[in-house]
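> One structure, pasted below without further comment.
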Amino acid sequence: MKKTYVMLLLALAGLGSGCTNEDGSEGPTPSGTAGEIQLVFSGSGESTEYSKAIASESENKIKNLKVYLFGAATAGAADTDYDYMETWTMKETAPGAEEFILQPSGSSWTASIKPTEKKGLPYLTLVCVANQDNLFDAAGAGFAALTKVVTDADGAITTPGTKLDVFKAAYTAKLGAGDILVTPLAMSGTGTTKISGSVSKVAITLKRIVARFDIDNTTATSQLTIENVSMGQGRPNGSLFGVTPANIADPTTDPGVIKYADVAFAGENANQGTLESAIYVYPNLATDKSFLIIKGKYKSPSTGEQIPVTYNIPVVKTPENANPGDPANYIAINANSRYKLRITDVTESNIYSTFEVEDWTSGGGVIIKPDNAKPEMSKMDGANVPALVAGVTPFYRTADAGTFNVVMTSTGPLEYSRGLVTKAGEIDWLTIGDITSEQKDGLTVTTYPVTITDATGKRPVSLTFTNQAASYDPDLQTTLTFTGPAAAPIASEVVKGNSKGNTFDLTDPAAPKATMEKAVGSYVSLSLLCVDGLADVTAVEGYTVKAISTEGFTTTYRVTITDISKAVDNATIEFKSKETGDTNKVTLTIEHKKASKPSIIANDKTDTYVASTYNSEALAGTANAATANMYLINGSTIYVKATCVESTETGAVMATSSSDKLTVTEESGAPGIFKINIPDASQLTAGNAVTVTFKNKADETVTSTLTITPKSAVPTVVLADDNTAVVDGGDGSYTINLDNLGANTFTLTVTAPLGASLASLTDPFTGGGWLKLADGNAGGTSITAGGNQVYTFTSGDTSSDTGDVTLTFTNTEVGGGDLTVTLKKKLAP
């Protein structure tokens, strides 16, 4: 857009004597030749429409051109991910390897190259630099050599190349003393494409690195004859790729700015109208305070004398609505822009003028490799043109019914496909009529007539346009998506988006229901399609609602229970359209599952939580009504696992014992692992079961039980085959009547649950020779755990002895209890 600013240039001309004003009064004597000139921009031309400036033939000339190729693995790669591959160079004739001929084509040029394909780097950025023999850095030194990327057979980079962001730090050469900028002018431009097995077209607009100043002056009216023009405090070089120049603190002393050499103000219209391209300069910053230097002769209206003058014209703009005395603001000089100084009147001390800024275009570009460029939407027109939905490009809202046209441009014939994002049975509300196409400016222009019917509340329809030469590569397709007028969000469940078996009921899409385990961290996920976006969601107590992803116009939310004491059943959460609020919303109702019974299973951390070796942790019964045995030994311990589906955290399951003589505690380092312990075995009775109740913390009325049966570890003895000669005293003592026993035998069977041992089978009979073990069936001194020994007794060899025979069976487990058997001889009365 052209910007026109009215200027008042208040100048001191470089005179050798005093000067006379138009009214005949004497004015001040100028100081030297560097007269001060102030520009006052009114800003009244901000909205002026104009046609783009047309560059001259020499300004359009491409004397030389290099195309630098950079490759990346993905379409969305940043400059830091593009690696240098190779350089193609323009040749006038007979191009060789990595060379091409530039062909004129109307106001543009065309060329064809065939890049070396690098596996793993199919996406290309082509960087074109024209009329620049070599590359330099910002300081003016030669640019570092470029390193080519190397990839292996799998496409992995083995040698990184120079990165695109590093390359874009390149500058032009620096101006030396006496140098001026002349045509052909340095230009640059970039384009992107993909190597896809077909041909591709890339349109690259070359933009000049410099700015151009035109000066409109007519000596007959201004009395000023301009002879030379230059720039003060200008930049000596420019970035090839638009890098902002470094800031200069004091441009009056810093060597980072220079005074340009004088350029002769000569040409067909010099001082007789507009002299185009009076001077070219590099871009700068407003803080450089650059100024045009105009030298020439001013004809005094008083004396007719031609007076040598020099005007320094700061490139400034006065803020809009400023007072005449307010200071002006320097503006930056931008690349590829045209600045026009239009002088309307000059006095000895003042210049009145306008200042215009215009785009400066070359009228063309470089087209590399034709045919498979991505189609572009040129326009939509017709009776009912849809509106672009803000922030969701390219997404369009249609009327409920009507017609419009979609006009696409492409490098070859197009075909289209229609994707209906529909639910079963939904009508096809968008249809395409008879398609027409024409060739225009070397491109195919295709018009698609669209008819929409009853679009309100329908799901979006996508139109995908494919260049037939593009091998159906998705990166070379263009998709436009359409929706009807605003409607309520459309809810859908997220696949694998719920925890703990939570479920959704979407029978009524406007009022879905979620059934959730009432446990901290329990969640459900819900997707809502709403082209207008969704308003912020107000969560209810005990729950959080978080948007976890947004893709296009679909947002996925996760609803999570955070506080079970406040997460009430039948809570409701509203999801509203950002545009229409309560008019279009979805209301989610949450119902809670009944708490699950704790599941009691065997300890699965036996390497860390170790039971007493004599206890078995095998459980019988069911997971909700399990049974186990424990031996009555001080410190007797087993571990069990008890969990519920609502939570696996510590405290999710609570446990209580029916007897305080049996303790049960959850291990802090292992949620769900419970230690069951008998601190004092004497406080419990073998066979009298103790019940451990496990409760679901979410609902303590939901329980499971573990029945613990205490078992004695003390060995036991059983009398058999006594031949009426033995009386059982009931306390481990037996009285034997030798008269009745005679040569017969009796047996004692000793069973040891945990194992036992007998110190000796001979010592107990000392002094009790009236009794002995029968030969061949004496039994042993060791009893294995759960096993027994059978001892057979008969009359001894010393019938006169009367001493007791005492057998002591020592329990293998300390604290398990020992068994003492005393055999007494019945004495005569």
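Residues are named by chain letter and number: chains run A, B, ... in the order of the structure tokens, numbers start at 1 in each chain, and ligands are numbered from 1 in the order shown.
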Just want the 7 Å neighbourhood of region 86-93 of chain A, counted on only C-alpha atoms, with same-chain residues fewer than 3 positions away dropped. Output as a list in words.
Asn64, Leu65, Lys66, Val67, Tyr68, Leu69, Glu98, Glu99, Phe100, Ile101, Leu102 and Lys148 of chain A
> Quick check for you: according to DSSP on this backbone, which residues of region 166-227 of chain A are classed as alpha helix (DSSP H)? Reply as a list in words.
Val166, Phe167, Thr219, Ala220, Thr221 and Ser222 of chain A
> Using only C-alpha atoms, which protein or nucleic acid residues come within 10 Å of Asn334 (chain A)? Drop anything in the same chain fewer than 5 positions from it, and give the result as a ChimeraX atom specification.
/A:209-212,242,244,281-285,339,357,359
> Using Å and a single decimal, report how far CA of Ser782 (chain A) sits from CA of Thr716 (chain A).
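One can read the CA of Thr716 (chain A) to CA of Ser782 (chain A) distance as 14.2 Å.
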> Show which residues sit within 12 Å of Thr810 (chain A), as JSON, numbers by chain. Count only C-alpha atoms, and ignore same-chain residues fewer than 2 positions away.
{"A": [713, 714, 715, 716, 750, 751, 752, 753, 754, 755, 756, 757, 758, 759, 760, 781, 782, 783, 784, 807, 808, 812, 813, 814, 815, 816, 817, 818, 819, 820, 821]}
> Just write the chosen residues, N, CA, C and O atoms, as a short mmCIF file (atom, residue, chain, number, x, y, z; two decimals), in the first residue's frame.

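File selection-v4.cif, as written:
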data_model
loop_
_atom_site.label_atom_id
_atom_site.label_comp_id
_atom_site.auth_asym_id
_atom_site.auth_seq_id
_atom_site.Cartn_x
_atom_site.Cartn_y
_atom_site.Cartn_z
N ALA A 713 1.02 -75.66 67.46
CA ALA A 713 2.25 -76.21 66.89
C ALA A 713 2.84 -77.31 67.77
O ALA A 713 3.86 -77.91 67.44
N VAL A 714 2.17 -77.59 68.96
CA VAL A 714 2.71 -78.57 69.91
C VAL A 714 2.51 -79.99 69.35
O VAL A 714 1.43 -80.33 68.88
N PRO A 715 3.54 -80.84 69.43
CA PRO A 715 3.37 -82.23 69.00
C PRO A 715 2.27 -82.92 69.83
O PRO A 715 2.03 -82.59 70.99
N THR A 716 1.62 -83.91 69.25
CA THR A 716 0.55 -84.66 69.94
C THR A 716 0.90 -86.14 69.97
O THR A 716 1.69 -86.63 69.16
N VAL A 750 3.39 -90.31 67.92
CA VAL A 750 3.67 -88.88 68.17
C VAL A 750 3.70 -88.15 66.81
O VAL A 750 4.47 -88.52 65.92
N THR A 751 2.83 -87.12 66.68
CA THR A 751 2.76 -86.29 65.45
C THR A 751 3.25 -84.88 65.77
O THR A 751 2.85 -84.29 66.78
N ALA A 752 4.09 -84.32 64.90
CA ALA A 752 4.66 -82.97 65.13
C ALA A 752 4.32 -82.07 63.95
O ALA A 752 4.88 -82.25 62.86
N PRO A 753 3.42 -81.10 64.09
CA PRO A 753 3.04 -80.23 62.96
C PRO A 753 4.22 -79.51 62.33
O PRO A 753 4.27 -79.33 61.12
N LEU A 754 5.15 -79.10 63.18
CA LEU A 754 6.29 -78.34 62.66
C LEU A 754 7.59 -79.12 62.78
O LEU A 754 8.66 -78.56 62.55
N GLY A 755 7.49 -80.37 63.19
CA GLY A 755 8.68 -81.19 63.37
C GLY A 755 9.13 -81.18 64.82
O GLY A 755 8.86 -80.24 65.57
N ALA A 756 9.76 -82.27 65.25
CA ALA A 756 10.24 -82.37 66.63
C ALA A 756 11.40 -83.37 66.67
O ALA A 756 11.66 -84.11 65.71
N SER A 757 12.09 -83.37 67.82
CA SER A 757 13.21 -84.31 67.99
C SER A 757 13.22 -84.86 69.42
O SER A 757 12.77 -84.20 70.36
N LEU A 758 13.74 -86.09 69.56
CA LEU A 758 13.89 -86.77 70.86
C LEU A 758 15.38 -86.95 71.10
O LEU A 758 16.11 -87.44 70.23
N ALA A 759 15.85 -86.49 72.25
CA ALA A 759 17.28 -86.49 72.51
C ALA A 759 17.88 -87.90 72.49
O ALA A 759 18.98 -88.12 71.98
N SER A 760 17.15 -88.86 73.05
CA SER A 760 17.72 -90.22 73.13
C SER A 760 16.59 -91.23 73.27
O SER A 760 15.54 -90.94 73.86
N THR A 781 14.34 -90.80 66.57
CA THR A 781 14.52 -89.61 67.41
C THR A 781 14.13 -88.33 66.69
O THR A 781 14.14 -87.26 67.29
N SER A 782 13.79 -88.38 65.42
CA SER A 782 13.45 -87.16 64.65
C SER A 782 12.11 -87.33 63.97
O SER A 782 11.83 -88.37 63.36
N ILE A 783 11.29 -86.29 64.09
CA ILE A 783 9.97 -86.28 63.43
C ILE A 783 9.94 -85.10 62.45
O ILE A 783 10.19 -83.95 62.84
N THR A 784 9.65 -85.38 61.22
CA THR A 784 9.58 -84.30 60.22
C THR A 784 8.30 -83.49 60.40
O THR A 784 7.32 -83.96 60.98
N LEU A 807 9.77 -89.22 78.14
CA LEU A 807 10.20 -88.89 76.77
C LEU A 807 9.83 -87.44 76.47
O LEU A 807 8.66 -87.06 76.52
N THR A 808 10.82 -86.62 76.14
CA THR A 808 10.58 -85.19 75.84
C THR A 808 10.83 -84.93 74.36
O THR A 808 11.96 -85.09 73.86
N THR A 812 10.64 -78.34 66.76
CA THR A 812 11.66 -77.77 65.85
C THR A 812 11.62 -76.25 65.85
O THR A 812 12.65 -75.58 65.74
N GLU A 813 10.41 -75.62 65.93
CA GLU A 813 10.26 -74.17 65.96
C GLU A 813 10.29 -73.70 67.40
O GLU A 813 9.48 -74.13 68.22
N VAL A 814 11.22 -72.81 67.69
CA VAL A 814 11.31 -72.27 69.04
C VAL A 814 10.03 -71.53 69.36
O VAL A 814 9.55 -70.71 68.56
N GLY A 815 9.46 -71.82 70.51
CA GLY A 815 8.22 -71.18 70.90
C GLY A 815 7.01 -71.93 70.45
O GLY A 815 5.88 -71.56 70.78
N GLY A 816 7.23 -73.00 69.68
CA GLY A 816 6.10 -73.76 69.18
C GLY A 816 5.50 -74.71 70.22
O GLY A 816 4.40 -75.20 70.05
N GLY A 817 6.22 -74.96 71.35
CA GLY A 817 5.73 -75.83 72.40
C GLY A 817 6.28 -77.25 72.27
O GLY A 817 6.32 -77.80 71.18
N ASP A 818 6.72 -77.84 73.40
CA ASP A 818 7.27 -79.20 73.41
C ASP A 818 6.24 -80.17 73.98
O ASP A 818 5.29 -79.78 74.67
N LEU A 819 6.48 -81.47 73.75
CA LEU A 819 5.60 -82.52 74.25
C LEU A 819 6.40 -83.43 75.21
O LEU A 819 7.46 -83.93 74.84
N THR A 820 5.88 -83.62 76.43
CA THR A 820 6.49 -84.55 77.39
C THR A 820 5.54 -85.73 77.64
O THR A 820 4.38 -85.53 78.02
N VAL A 821 6.06 -86.92 77.42
CA VAL A 821 5.29 -88.15 77.63
C VAL A 821 5.92 -88.90 78.83
O VAL A 821 7.13 -89.18 78.82
#
> When you look at region 410-419 of chain A with a cut-off of 10 Å (counting only C-alpha atoms), what residues show up, excluding the ones that are within fewer than 4 positions of it in the same chain? I need them as a VMD selection string.
chain A and resid 200 to 202 370 to 378 430 to 432 437 to 439 442 to 446 448 460 to 470 477 to 481
> Measuring between only C-alpha atoms, which one of A:Lys695, A:Tyr123, A:Phe143, A:Ser659 shows the shortest distance to Ser196 (chain A)?
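Using only C-alpha atoms, Ser196 (chain A) sits closest to A:Tyr123.
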> Neighbours of Lys513 (chain A) within 8 Å (only C-alpha atoms; same-chain residues fewer than 3 positions away dropped), as number ranges by chain?
A: 504-506, 588-591
> Please provide the set of residues having any atom within 7 Å of Ile564 (chain A), restricted to only C-alpha atoms, with same-chain residues fewer than 4 positions apart removed, written as a ChimeraX atom specification.
/A:518-520,542
> For CA of Phe404 (chain A) and CA of Lys578 (chain A), quote the distance in Å rounded to one decimal.
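We find that CA of Phe404 (chain A) and CA of Lys578 (chain A) lie 27.1 Å from each other.
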> Region 690-758 of chain A near region 611-628 of chain A within 8 Å: what's each residue's closest atom pair and its distance in Å to one decimal, counting only C-alpha atoms, ordered by chain then ascending residue number, as a Markdown table?

| residue | atom | partner | partner_atom | distance |
| --- | --- | --- | --- | --- |
| A:Thr703 | CA | A:Asn624 | CA | 7.8 |
| A:Ser704 | CA | A:Asn624 | CA | 4.6 |
| A:Thr705 | CA | A:Ala625 | CA | 4.9 |
| A:Leu706 | CA | A:Ala626 | CA | 4.7 |
| A:Thr707 | CA | A:Thr627 | CA | 4.6 |
| A:Ile708 | CA | A:Ala628 | CA | 5.0 |
| A:Thr709 | CA | A:Ala628 | CA | 6.4 |
| A:Leu754 | CA | A:Tyr614 | CA | 6.9 |
> Could you take the residues named above and write them with N, CA and C atoms, as a short mmCIF file (atom, residue, chain, number, x, y, z; two decimals), in the first residue's frame?

data_model
loop_
_atom_site.label_atom_id
_atom_site.label_comp_id
_atom_site.auth_asym_id
_atom_site.auth_seq_id
_atom_site.Cartn_x
_atom_site.Cartn_y
_atom_site.Cartn_z
N THR A 703 -17.65 -54.87 52.17
CA THR A 703 -16.54 -55.56 52.84
C THR A 703 -16.31 -56.94 52.24
N SER A 704 -15.14 -57.46 52.55
CA SER A 704 -14.77 -58.86 52.32
C SER A 704 -14.10 -59.36 53.59
N THR A 705 -14.10 -60.70 53.80
CA THR A 705 -13.56 -61.22 55.06
C THR A 705 -12.48 -62.27 54.81
N LEU A 706 -11.58 -62.32 55.76
CA LEU A 706 -10.56 -63.36 55.81
C LEU A 706 -10.66 -64.03 57.17
N THR A 707 -10.96 -65.33 57.18
CA THR A 707 -11.09 -66.07 58.44
C THR A 707 -9.76 -66.76 58.75
N ILE A 708 -9.19 -66.40 59.90
CA ILE A 708 -7.91 -66.97 60.33
C ILE A 708 -8.20 -68.02 61.41
N THR A 709 -7.75 -69.24 61.18
CA THR A 709 -7.89 -70.30 62.18
C THR A 709 -6.54 -70.55 62.85
N LEU A 754 5.15 -79.10 63.18
CA LEU A 754 6.29 -78.34 62.66
C LEU A 754 7.59 -79.12 62.78
#
> Grab the CA of Ala535 (chain A) to CA of Ala511 (chain A) distance for me, in Å with one decimal place.
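Answer for the CA of Ala535 (chain A) to CA of Ala511 (chain A) separation: 17.3 Å.
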> Counting only C-alpha atoms, which of A:Gly803, A:Thr538, A:Ser337, A:Ser733 gets nearest to Thr766 (chain A)?
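For Thr766 (chain A), the nearest of the given residues is A:Gly803.
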> Quick one: of A:Leu529, A:Ile435, A:Val790, A:Ala488, who's nearest to Phe553 (chain A), counting only C-alpha atoms?
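For Phe553 (chain A), the nearest of the given residues is A:Leu529.
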> Which of region 499-685 of chain A end up as strand (DSSP E or B) when DSSP is run on this backbone - answer as number ranges by chain?
A: 503-505, 513-516, 523-529, 534, 543-551, 554-561, 571-577, 581-592, 599-602, 620-621, 625-631, 636-644, 647, 653-657, 663-666, 673-678
